[in-house]
Amino acid sequence: VFGSGTSMVSLASLQQSDCVVLIGSNAPANHPRLMNELIQLRDRGGRVIMINPQIEIGLVKFASPAFPIKSLLKGGSEISTLYLQPIPGSDTALQVAIQKSLLEQNLVNMDYLQQYTEGWQEVLEFAKATDWSTLTEICGLFQEEIEEVAYVIGKSSKVVFAWAMGITQHQNGTDNVKAIANTALITGNAGRIGTGTMPIRGHSNVQGFGSMAVTTRLRQDIRQALEVLLKRPLALNQGYDARGLMDAADASKIDTLLCLGGNFYAANPDLLQAQRALGKIDTIFYVSTKPNLGHFHGLARRQTLILPVFNRFENPQKTTTESGNNFVRLNNPGKTHLQGDLISEVELITEIAYRLHGDQPINWRKLQDTAYVRSLIAKTIPGYKQIGEIDRTQEEFTIDGRIFTEPKFATPSGRARMDVIPLPELSIPSLASFPIPKHVTGMVAILGSGRSYGQHNTVVYREADKYRGMPHRYCILLNARDIKNAGFREHQRVTVQGNRSKLENIEIIAGTIREGVAFMFYPEANCLFSATIDAQSGTPAFKRVPVAIYF
């Protein structure tokens with residue numbers, strides 16, 4: 001759409017907005033730094049629109065250490081102005097409905113569309129021609145709710161659209177993102193200070209890996225820069241994304257796997273396949289900062305080696321991190337309390353490379369100096385020229401070419417490209433379609449899995465999630481009306497069956513979640529299902545998994 005896959009909004013630009021639309025995110029737990037910006041936005045009279053099937057308490061009211069008086073006297077700061085709870089997977093339909101309402105309320109910025117976008121006529125015509133009944137049935141919301149959201153967006157002068165994995169972890173996740181971008185463009189909220197699209201990433205590894213070209217889709221300009229640096233052409237294999245790698249391993253196409261951090265086993269849907277597939281690989285090296293489930297269940301056929309390394313805050317050399325708002329800072333050398341012969345990931349990788357390849361065409365051991373690595377990044381990665389001077393200047397910087405403060409985008413024409421996004425076709429299987437006993441008491445729900453408030457990625461620090469009222473990891477959150485209508489009672493133990501496996505003795509917890517929707521913790525729920533995959537991004541649909549709940 002814009003020619004860039006990262007946030008077009010800087011932190012300074014976000015501080016100029018008067019409305020934020022936050023979709024599919026539990027920012028209080030996963031992006032707490034953002035909450036301070038939302039508090040300040042509300043304090044200056046701005047609006048915050050939340051879109052999430054589950055009402056998260058911190059998205060309604062949040063107690064921030066940055067605002068101690070409010071936290072002490074009022075129990076926190078008010079966050080959400082409006083809160084919509086759509087059916088999971090219906091986000092594209094909701095965005096089209098908002099676009100339809102903007103048209104009907106004469107809140108479309110036609111001058112902006114004509115000057116700075118392409119394809120807008122077809123997008124507006126599609127929204128106009130789609131019946132309200134179709135849209136409201138798909139997303140499960142009242143027309144009046146959608147019209148109020150459209151009015152607030154249309155009447156605000158500077159709107160930022162932000163989203164997280166509640167948008168991307170769907171079979172049509174890429175379509176969801178494009179539909180959000182269409183709404184931003186229809187209202188002229190892209191390429192101006194205080195406006196734009198802002199995908200929220202959990203930590204620097206997510207975006208930084210992509211920036212450093214660790215991807216199956218290597219950009220041509222980066223490839224050319226690497227070939228100049230190496231003085232030789234690159235012969236590259238296509239490579240795999242995470243799900244493609246698991247399928248390739250399952251087909252016995254992988255003989256050696258080197259995992260740099262993460263928890264490749266538990267982070268995948270269909271843990272039965274994950275254990276089987278990893279067991280077909282001859283040798284697996286896990287480069288890790290802490291033990292995880294993969295070290296016990298993701299074992300190779302012949303040998304599994306766990307190589308402990310320093311974490312980022314223990315690294316003896318200076319390293320840089322990239323924020324979701326394209327901001328790069330230099331970290332001081334770390335310290336560790338550990339005894340022994342631990343080394344950093346950089347030292348481990350470069351030493352292995354040196355012993356395999358010697359010092360040609362790269363002096364691998366010289367790459368153990370992270371300042372030297374940064375000098376090479378400056379020569380090869382677009383927008384990163386300033387990183388070559390950061391050790392001398394000690395100055396943080398914003399990556400060039402990503403923050404759009406005027407409506408000139410990184411596309412061939414310089415205009416944003418809008419496309420008609422098809423509506424999702426959502427269905428729910430019957431209870432009888434699941435492999436469960438006959439004559440049970442039960443219901444079918446759409447399960448979304450996610451992290452608890454005491455969790456980082458797959459690492460669990462606290463068993464209980466007090467904010468959701470879930471006392472341990474093996475709970476299922478349901479709407480109170482669903483519990484009653486299904487013949488359940490709160491705290492009852494039930495069986496949850498997906499299309500791959502089942503979990504027994506799961507405790508029912510009543511929560512502020514949409515009817516027909518359920519929530520369980522990741523990665524424990526991953527054994528239940530083999531998720532459908534977004535063909536455009538390769539992302540599993542963790543947020544829309546039909547399950548049977550019964551006793």
# chains A, B, ... in the order shown; residues from 1 in each chain; ligands from 1
>>> residues_around(residues="range 362-364 of chain A", least_positions_apart="2", cutoff="10 Å", atoms="only C-alpha atoms", output="list in words")
Leu229, Leu230, Glu347, Ile349, Thr350, Glu351, Ile352, Ala353, Tyr354, Arg355, His357, Gly358, Asp359, Gln360, Lys366, Leu367, Gln368 and Asp369 of chain A
>>> select_by_dssp(residues="range 347-541 of chain A", states="strand (DSSP E or B)", output="count of residues only")
45
>>> residues_around(residues="Gly298 in chain A", least_positions_apart="4", cutoff="12 Å", atoms="only C-alpha atoms", output="number ranges by chain")
A: 246, 249, 257, 259, 263-268, 271-281, 283-286, 292-294, 303-306
>>> write_last_selection(atoms="C-alpha atoms", output="PDB file, in the first residue's frame")
ATOM      1  CA  MET A 246       8.156 -27.160   9.905  1.00  0.00           C
ATOM      2  CA  ALA A 249      11.155 -30.988   8.275  1.00  0.00           C
ATOM      3  CA  LEU A 257      18.730 -26.996  12.097  1.00  0.00           C
ATOM      4  CA  CYS A 259      17.811 -22.222  16.081  1.00  0.00           C
ATOM      5  CA  ASN A 263      11.029 -21.645  21.077  1.00  0.00           C
ATOM      6  CA  PHE A 264      10.436 -23.086  17.630  1.00  0.00           C
ATOM      7  CA  TYR A 265       8.631 -26.144  18.969  1.00  0.00           C
ATOM      8  CA  ALA A 266       6.085 -24.487  21.274  1.00  0.00           C
ATOM      9  CA  ALA A 267       5.505 -21.369  19.164  1.00  0.00           C
ATOM     10  CA  ASN A 268       4.020 -23.456  16.356  1.00  0.00           C
ATOM     11  CA  LEU A 271       2.439 -29.550  18.544  1.00  0.00           C
ATOM     12  CA  LEU A 272       1.921 -33.143  17.418  1.00  0.00           C
ATOM     13  CA  GLN A 273       3.307 -32.245  14.013  1.00  0.00           C
ATOM     14  CA  ALA A 274       6.050 -30.092  15.561  1.00  0.00           C
ATOM     15  CA  GLN A 275       7.392 -32.936  17.703  1.00  0.00           C
ATOM     16  CA  ARG A 276       7.180 -35.386  14.808  1.00  0.00           C
ATOM     17  CA  ALA A 277       8.811 -33.007  12.305  1.00  0.00           C
ATOM     18  CA  LEU A 278      11.695 -31.990  14.553  1.00  0.00           C
ATOM     19  CA  GLY A 279      12.253 -35.661  15.315  1.00  0.00           C
ATOM     20  CA  LYS A 280      12.993 -36.247  11.612  1.00  0.00           C
ATOM     21  CA  ILE A 281      15.941 -33.811  11.621  1.00  0.00           C
ATOM     22  CA  THR A 283      20.873 -32.648  14.279  1.00  0.00           C
ATOM     23  CA  ILE A 284      19.403 -29.615  16.014  1.00  0.00           C
ATOM     24  CA  PHE A 285      21.408 -26.862  17.683  1.00  0.00           C
ATOM     25  CA  TYR A 286      19.414 -24.676  20.108  1.00  0.00           C
ATOM     26  CA  ASN A 292      12.252 -23.946  27.055  1.00  0.00           C
ATOM     27  CA  LEU A 293       9.820 -26.694  26.053  1.00  0.00           C
ATOM     28  CA  GLY A 294      11.602 -27.319  22.770  1.00  0.00           C
ATOM     29  CA  GLN A 303      21.517 -35.450  18.417  1.00  0.00           C
ATOM     30  CA  THR A 304      20.224 -32.291  20.056  1.00  0.00           C
ATOM     31  CA  LEU A 305      22.735 -29.749  21.362  1.00  0.00           C
ATOM     32  CA  ILE A 306      21.726 -26.855  23.610  1.00  0.00           C
TER      33      ILE A 306
END
>>> select_by_dssp(residues="range 123-195 of chain A", states="helix (DSSP H, G or I)", output="number ranges by chain")
A: 123-129, 132-139, 143-155, 165-168, 173-186
>>> closest_residue(among="A:Glu515, A:Gln492, A:Leu236, A:Gly58", to="Ala480 in chain A", atoms="only C-alpha atoms")
A:Glu515
>>> residues_around(residues="Pro88 in chain A", least_positions_apart="5", cutoff="10 Å", atoms="only C-alpha atoms", output="list in words")
Gly24, Asn52, Pro53, Gln54, Ile138, Cys139, Gly140, Gly166, Ile167, His170, Leu426, Ile446, Leu447, Gly448, Arg514, Gly516, Val517, Lys543, Arg544 and Val545 of chain A
>>> residues_around(residues="Lys502 in chain A", least_positions_apart="6", cutoff="12 Å", atoms="only C-alpha atoms", output="list in words")
Asp270, Leu271, Leu272, Phe434, Pro435, Ile436, Val494, Thr495, Val496, Glu524, Ala525, Asn526, Cys527, Leu528, Phe529, Val547, Ala548, Ile549 and Tyr550 of chain A
>>> residues_around(residues="range 183-199 of chain A", least_positions_apart="4", cutoff="8 Å", atoms="only C-alpha atoms", output="PDB file with N, CA and C atoms, in the first residue's frame")
ATOM      1  N   THR A   6       6.736  -1.153   7.850  1.00  0.00           N
ATOM      2  CA  THR A   6       6.879  -0.778   9.260  1.00  0.00           C
ATOM      3  C   THR A   6       5.974   0.419   9.565  1.00  0.00           C
ATOM      4  N   SER A   7       6.032   0.866  10.813  1.00  0.00           N
ATOM      5  CA  SER A   7       5.238   2.021  11.216  1.00  0.00           C
ATOM      6  C   SER A   7       5.671   3.262  10.444  1.00  0.00           C
ATOM      7  N   MET A   8       4.702   4.028   9.980  1.00  0.00           N
ATOM      8  CA  MET A   8       5.030   5.309   9.359  1.00  0.00           C
ATOM      9  C   MET A   8       4.937   6.447  10.372  1.00  0.00           C
ATOM     10  N   VAL A   9       4.684   6.088  11.640  1.00  0.00           N
ATOM     11  CA  VAL A   9       4.452   7.075  12.698  1.00  0.00           C
ATOM     12  C   VAL A   9       5.616   7.040  13.680  1.00  0.00           C
ATOM     13  N   SER A  13       5.500  12.013  16.327  1.00  0.00           N
ATOM     14  CA  SER A  13       4.286  12.200  15.541  1.00  0.00           C
ATOM     15  C   SER A  13       3.065  11.683  16.294  1.00  0.00           C
ATOM     16  N   LEU A  14       3.199  10.538  16.957  1.00  0.00           N
ATOM     17  CA  LEU A  14       2.100   9.987  17.750  1.00  0.00           C
ATOM     18  C   LEU A  14       1.638  10.982  18.807  1.00  0.00           C
ATOM     19  N   GLN A  15       2.560  11.727  19.338  1.00  0.00           N
ATOM     20  CA  GLN A  15       2.235  12.703  20.387  1.00  0.00           C
ATOM     21  C   GLN A  15       1.481  13.916  19.855  1.00  0.00           C
ATOM     22  N   GLN A  16       1.307  14.008  18.529  1.00  0.00           N
ATOM     23  CA  GLN A  16       0.537  15.091  17.928  1.00  0.00           C
ATOM     24  C   GLN A  16      -0.870  14.647  17.513  1.00  0.00           C
ATOM     25  N   SER A  17      -1.194  13.370  17.679  1.00  0.00           N
ATOM     26  CA  SER A  17      -2.488  12.857  17.223  1.00  0.00           C
ATOM     27  C   SER A  17      -3.599  13.241  18.200  1.00  0.00           C
ATOM     28  N   ASP A  18      -4.834  13.251  17.688  1.00  0.00           N
ATOM     29  CA  ASP A  18      -5.981  13.493  18.576  1.00  0.00           C
ATOM     30  C   ASP A  18      -6.939  12.300  18.604  1.00  0.00           C
ATOM     31  N   GLN A  95     -13.907  -2.871   8.800  1.00  0.00           N
ATOM     32  CA  GLN A  95     -13.288  -1.710   8.153  1.00  0.00           C
ATOM     33  C   GLN A  95     -14.108  -1.251   6.949  1.00  0.00           C
ATOM     34  N   VAL A  96     -14.631  -2.188   6.161  1.00  0.00           N
ATOM     35  CA  VAL A  96     -15.486  -1.810   5.032  1.00  0.00           C
ATOM     36  C   VAL A  96     -16.749  -1.110   5.545  1.00  0.00           C
ATOM     37  N   ILE A  98     -16.988   0.662   8.307  1.00  0.00           N
ATOM     38  CA  ILE A  98     -16.581   2.017   8.705  1.00  0.00           C
ATOM     39  C   ILE A  98     -16.454   2.904   7.465  1.00  0.00           C
ATOM     40  N   GLN A  99     -15.881   2.358   6.404  1.00  0.00           N
ATOM     41  CA  GLN A  99     -15.739   3.121   5.161  1.00  0.00           C
ATOM     42  C   GLN A  99     -17.101   3.479   4.577  1.00  0.00           C
ATOM     43  N   LEU A 107     -17.850  12.097   5.258  1.00  0.00           N
ATOM     44  CA  LEU A 107     -16.602  12.293   5.996  1.00  0.00           C
ATOM     45  C   LEU A 107     -15.393  11.747   5.238  1.00  0.00           C
ATOM     46  N   VAL A 108     -15.558  11.508   3.938  1.00  0.00           N
ATOM     47  CA  VAL A 108     -14.451  11.045   3.101  1.00  0.00           C
ATOM     48  C   VAL A 108     -13.648  12.244   2.608  1.00  0.00           C
ATOM     49  N   ASN A 109     -12.336  12.163   2.679  1.00  0.00           N
ATOM     50  CA  ASN A 109     -11.455  13.244   2.222  1.00  0.00           C
ATOM     51  C   ASN A 109     -11.160  13.043   0.732  1.00  0.00           C
ATOM     52  N   MET A 110     -12.061  13.530  -0.107  1.00  0.00           N
ATOM     53  CA  MET A 110     -11.953  13.301  -1.548  1.00  0.00           C
ATOM     54  C   MET A 110     -10.729  13.988  -2.144  1.00  0.00           C
ATOM     55  N   TYR A 112      -7.838  14.505  -0.819  1.00  0.00           N
ATOM     56  CA  TYR A 112      -6.666  13.695  -0.488  1.00  0.00           C
ATOM     57  C   TYR A 112      -6.604  12.460  -1.387  1.00  0.00           C
ATOM     58  N   LEU A 113      -7.723  11.762  -1.526  1.00  0.00           N
ATOM     59  CA  LEU A 113      -7.752  10.556  -2.351  1.00  0.00           C
ATOM     60  C   LEU A 113      -7.344  10.850  -3.788  1.00  0.00           C
ATOM     61  N   THR A 117      -3.573   9.055  -3.885  1.00  0.00           N
ATOM     62  CA  THR A 117      -3.833   7.618  -3.889  1.00  0.00           C
ATOM     63  C   THR A 117      -4.226   7.123  -5.278  1.00  0.00           C
ATOM     64  N   TRP A 120      -8.746   4.311  -5.488  1.00  0.00           N
ATOM     65  CA  TRP A 120      -9.719   4.689  -4.460  1.00  0.00           C
ATOM     66  C   TRP A 120     -11.161   4.570  -4.942  1.00  0.00           C
ATOM     67  N   ILE A 153     -13.773   8.985  13.986  1.00  0.00           N
ATOM     68  CA  ILE A 153     -12.604   8.988  13.095  1.00  0.00           C
ATOM     69  C   ILE A 153     -12.693  10.137  12.090  1.00  0.00           C
ATOM     70  N   GLY A 154     -13.869  10.286  11.480  1.00  0.00           N
ATOM     71  CA  GLY A 154     -14.042  11.309  10.448  1.00  0.00           C
ATOM     72  C   GLY A 154     -13.936  12.726  10.965  1.00  0.00           C
ATOM     73  N   LYS A 158      -6.375  14.276  13.356  1.00  0.00           N
ATOM     74  CA  LYS A 158      -5.134  13.521  13.210  1.00  0.00           C
ATOM     75  C   LYS A 158      -5.319  12.161  13.878  1.00  0.00           C
ATOM     76  N   VAL A 159      -5.479  11.120  13.034  1.00  0.00           N
ATOM     77  CA  VAL A 159      -5.785   9.788  13.537  1.00  0.00           C
ATOM     78  C   VAL A 159      -4.632   8.836  13.243  1.00  0.00           C
ATOM     79  N   VAL A 160      -4.264   8.033  14.243  1.00  0.00           N
ATOM     80  CA  VAL A 160      -3.286   6.957  14.090  1.00  0.00           C
ATOM     81  C   VAL A 160      -4.016   5.627  14.230  1.00  0.00           C
ATOM     82  N   PHE A 161      -3.774   4.725  13.294  1.00  0.00           N
ATOM     83  CA  PHE A 161      -4.360   3.384  13.314  1.00  0.00           C
ATOM     84  C   PHE A 161      -3.268   2.397  13.722  1.00  0.00           C
ATOM     85  N   ALA A 162      -3.448   1.762  14.875  1.00  0.00           N
ATOM     86  CA  ALA A 162      -2.448   0.841  15.408  1.00  0.00           C
ATOM     87  C   ALA A 162      -3.057  -0.543  15.566  1.00  0.00           C
ATOM     88  N   TRP A 163      -2.236  -1.568  15.370  1.00  0.00           N
ATOM     89  CA  TRP A 163      -2.737  -2.932  15.525  1.00  0.00           C
ATOM     90  C   TRP A 163      -1.604  -3.862  15.919  1.00  0.00           C
ATOM     91  N   ALA A 164      -2.011  -5.037  16.419  1.00  0.00           N
ATOM     92  CA  ALA A 164      -1.034  -6.060  16.800  1.00  0.00           C
ATOM     93  C   ALA A 164      -1.504  -7.411  16.279  1.00  0.00           C
ATOM     94  N   ALA A 179      -7.093  -3.444   4.682  1.00  0.00           N
ATOM     95  CA  ALA A 179      -8.384  -2.788   4.904  1.00  0.00           C
ATOM     96  C   ALA A 179      -8.246  -1.632   5.885  1.00  0.00           C
ATOM     97  N   GLY A 324       9.631  -0.401  17.431  1.00  0.00           N
ATOM     98  CA  GLY A 324       8.563  -0.491  16.448  1.00  0.00           C
ATOM     99  C   GLY A 324       8.295   0.813  15.736  1.00  0.00           C
ATOM    100  N   ASN A 325       8.754   1.927  16.283  1.00  0.00           N
ATOM    101  CA  ASN A 325       8.603   3.234  15.641  1.00  0.00           C
ATOM    102  C   ASN A 325       9.860   3.643  14.885  1.00  0.00           C
ATOM    103  N   PHE A 404       6.622   8.788   7.305  1.00  0.00           N
ATOM    104  CA  PHE A 404       6.045   9.642   6.263  1.00  0.00           C
ATOM    105  C   PHE A 404       5.351  10.836   6.908  1.00  0.00           C
ATOM    106  N   THR A 405       5.939  12.005   6.748  1.00  0.00           N
ATOM    107  CA  THR A 405       5.341  13.229   7.289  1.00  0.00           C
ATOM    108  C   THR A 405       4.652  14.055   6.203  1.00  0.00           C
ATOM    109  N   GLU A 406       4.724  13.576   4.974  1.00  0.00           N
ATOM    110  CA  GLU A 406       3.963  14.160   3.880  1.00  0.00           C
ATOM    111  C   GLU A 406       3.498  13.016   2.984  1.00  0.00           C
ATOM    112  N   PRO A 407       2.406  13.191   2.267  1.00  0.00           N
ATOM    113  CA  PRO A 407       1.812  12.075   1.515  1.00  0.00           C
ATOM    114  C   PRO A 407       2.540  11.749   0.216  1.00  0.00           C
ATOM    115  N   LYS A 408       3.821  11.442   0.344  1.00  0.00           N
ATOM    116  CA  LYS A 408       4.628  10.941  -0.765  1.00  0.00           C
ATOM    117  C   LYS A 408       5.208   9.614  -0.306  1.00  0.00           C
ATOM    118  N   PHE A 409       4.748   8.527  -0.919  1.00  0.00           N
ATOM    119  CA  PHE A 409       5.008   7.202  -0.386  1.00  0.00           C
ATOM    120  C   PHE A 409       6.044   6.459  -1.215  1.00  0.00           C
TER     121      PHE A 409
END
>>> residues_around(residues="Leu82 in chain A", least_positions_apart="3", cutoff="7 Å", atoms="only C-alpha atoms", output="ChimeraX atom specification")
/A:48-50
>>> atom_distance(atom1="CA of Ser133 in chain A", atom2="CA of Asp482 in chain A")
24.3 Å
>>> closest_residue(among="A:Ile390, A:Ile79, A:Ile222, A:Leu258", to="Pro28 in chain A", atoms="only C-alpha atoms")
A:Ile79
>>> atom_distance(atom1="CA of Thr215 in chain A", atom2="CA of Thr320 in chain A")
19.4 Å
>>> atom_distance(atom1="CA of Met470 in chain A", atom2="CA of Ser25 in chain A")
18.9 Å
>>> closest_residue(among="A:Ile146, A:Val460, A:Val152, A:Val309", to="Gly46 in chain A", atoms="only C-alpha atoms")
A:Val152
